[in-house]
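Here the structure is laid out as structure tokens; the discussion comes afterwards.
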Amino acid sequence: MSKELIIKIIRISAILALTPVTIIVLIPWIPGSLFFLTVWGFFLTNCYFFIGLFIRNSKQKKKFLSRHYAILWGLNWIITLVYWSILFSIDPTPVYLRIIFHTFPIFFTAIEFPFNDAKLKRKHYKSLYFVMLAYFILYCITTLVNGEGIYPGIDFSSIFIVYVIIASIVISIIVLEIGRVIKNKITQDNKKTLRENDVEIPETKVRRYNLINSP
């Protein structure tokens, strides 16, 4: 099975899993749903797989998807790790929705990781931090207006918000760097395989020529 076919299957599966939730649960709840970072990650993940599957391949598309994937790789890991370690126990959302929102995006992001062409370059990290900054500004404004945080207990009355921010930044740096190293290793292995194949082809031709022309 070719890499292109595997990516196509992953993206179709992601669209089939994410889109119904987006249409049935999240869109009707706008604008309230947009106050949650989890929803940002869910929307961005859904958009990534749609664009990756349906938009015609081009150099611009590859650059866009590479930058978009860097955002997803960092953001979905932040959402997943912070949520399951800190926020799960205080989230009043039904359990099945909690599992969907905090499992599906990272699952599809992770399984596509070995196959796509995203390089996770350091210059793409700033795109993730721009998204994080935008959400932080929204969170601060909402907290000041409402007098309480969007997530229970995470507001300016407690130092807990500082821990969450620091944890998010640290997680993003770690997962992006780990992802970048692994991606570089995959790229190097692929190049090595191609070089080996290029060497084997002439040798095969020589052996065939010798067999044909042997007395």
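Note on naming: chains are A, B, ... as they come in the structure tokens, residues start from 1 per chain, ligands start from 1 in the order shown.
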Every residue of chain A that DSSP places in helix (DSSP H, G or I), as a PyMOL selection string: chain A and resi 3-29+32-35+37-54+59-90+95-112+122-146+160-213
Spatial neighbours of range 64-79 of chain A, 7 Å, only C-alpha atoms, chain gap at least 4 places, as a list in words: Thr38, Gly41, Thr45, Tyr48, Gln60, Tyr83, Pro105, Ile106, Thr109, Ala118, Lys119, Leu120, His124, Tyr125, Ser127, Leu128, Ser168, Ile171, Ser172, Val175 and Leu176 of chain A
Shell of 12 Å around range 141-157 of chain A, only C-alpha atoms, local chain residues under 4 positions omitted, as a PyMOL selection string: chain A and resi 32-38+82-83+86-93+134-137+161-165
How about saving the chosen residues, C-alpha atoms kept, as a compact mmCIF listing (two decimals), in the first residue's frame?
# COMPACT_ATOMS: atom_id res chain seq x y z
CA GLY A 32 -20.27 29.60 23.15
CA SER A 33 -18.19 26.71 21.86
CA LEU A 34 -15.46 29.05 20.60
CA PHE A 35 -14.49 30.00 24.15
CA PHE A 36 -12.85 26.59 24.65
CA LEU A 37 -9.36 25.76 23.38
CA THR A 38 -10.50 22.19 22.84
CA VAL A 82 -3.42 19.33 30.08
CA TYR A 83 -7.03 18.18 29.90
CA ILE A 86 -5.74 18.59 35.13
CA LEU A 87 -9.21 19.38 33.80
CA PHE A 88 -10.94 16.04 33.28
CA SER A 89 -12.17 15.70 36.86
CA ILE A 90 -13.78 19.17 36.91
CA ASP A 91 -15.36 19.08 33.46
CA PRO A 92 -19.18 18.81 33.65
CA THR A 93 -19.49 17.79 29.98
CA ALA A 134 -4.88 34.65 20.54
CA TYR A 135 -6.68 32.19 22.81
CA PHE A 136 -4.98 33.58 25.92
CA ILE A 137 -6.14 37.09 25.04
CA ILE A 161 -3.61 29.80 35.84
CA VAL A 162 0.14 30.46 35.83
CA TYR A 163 0.87 26.74 36.20
CA VAL A 164 -1.44 25.92 33.30
CA ILE A 165 0.21 28.52 31.06
Nearest residue to Asn190 in chain A from the set A:Lys126, A:Lys3, A:Arg11, A:Lys62 (distances using only C-alpha atoms): A:Lys3
Within 9 Å of range 13-16 of chain A using only C-alpha atoms, minus same-chain residues under 3 positions, as a list in words: Lys8, Ile9, Ile10, Thr19, Pro20, Thr45, Asn46, Cys47, Phe49, Phe50, Phe104, Pro105, Phe108 and Thr109 of chain A
Atomic distance CA of Asp189 in chain A - CA of Lys59 in chain A, expressed in Å with one decimal: 23.1 Å
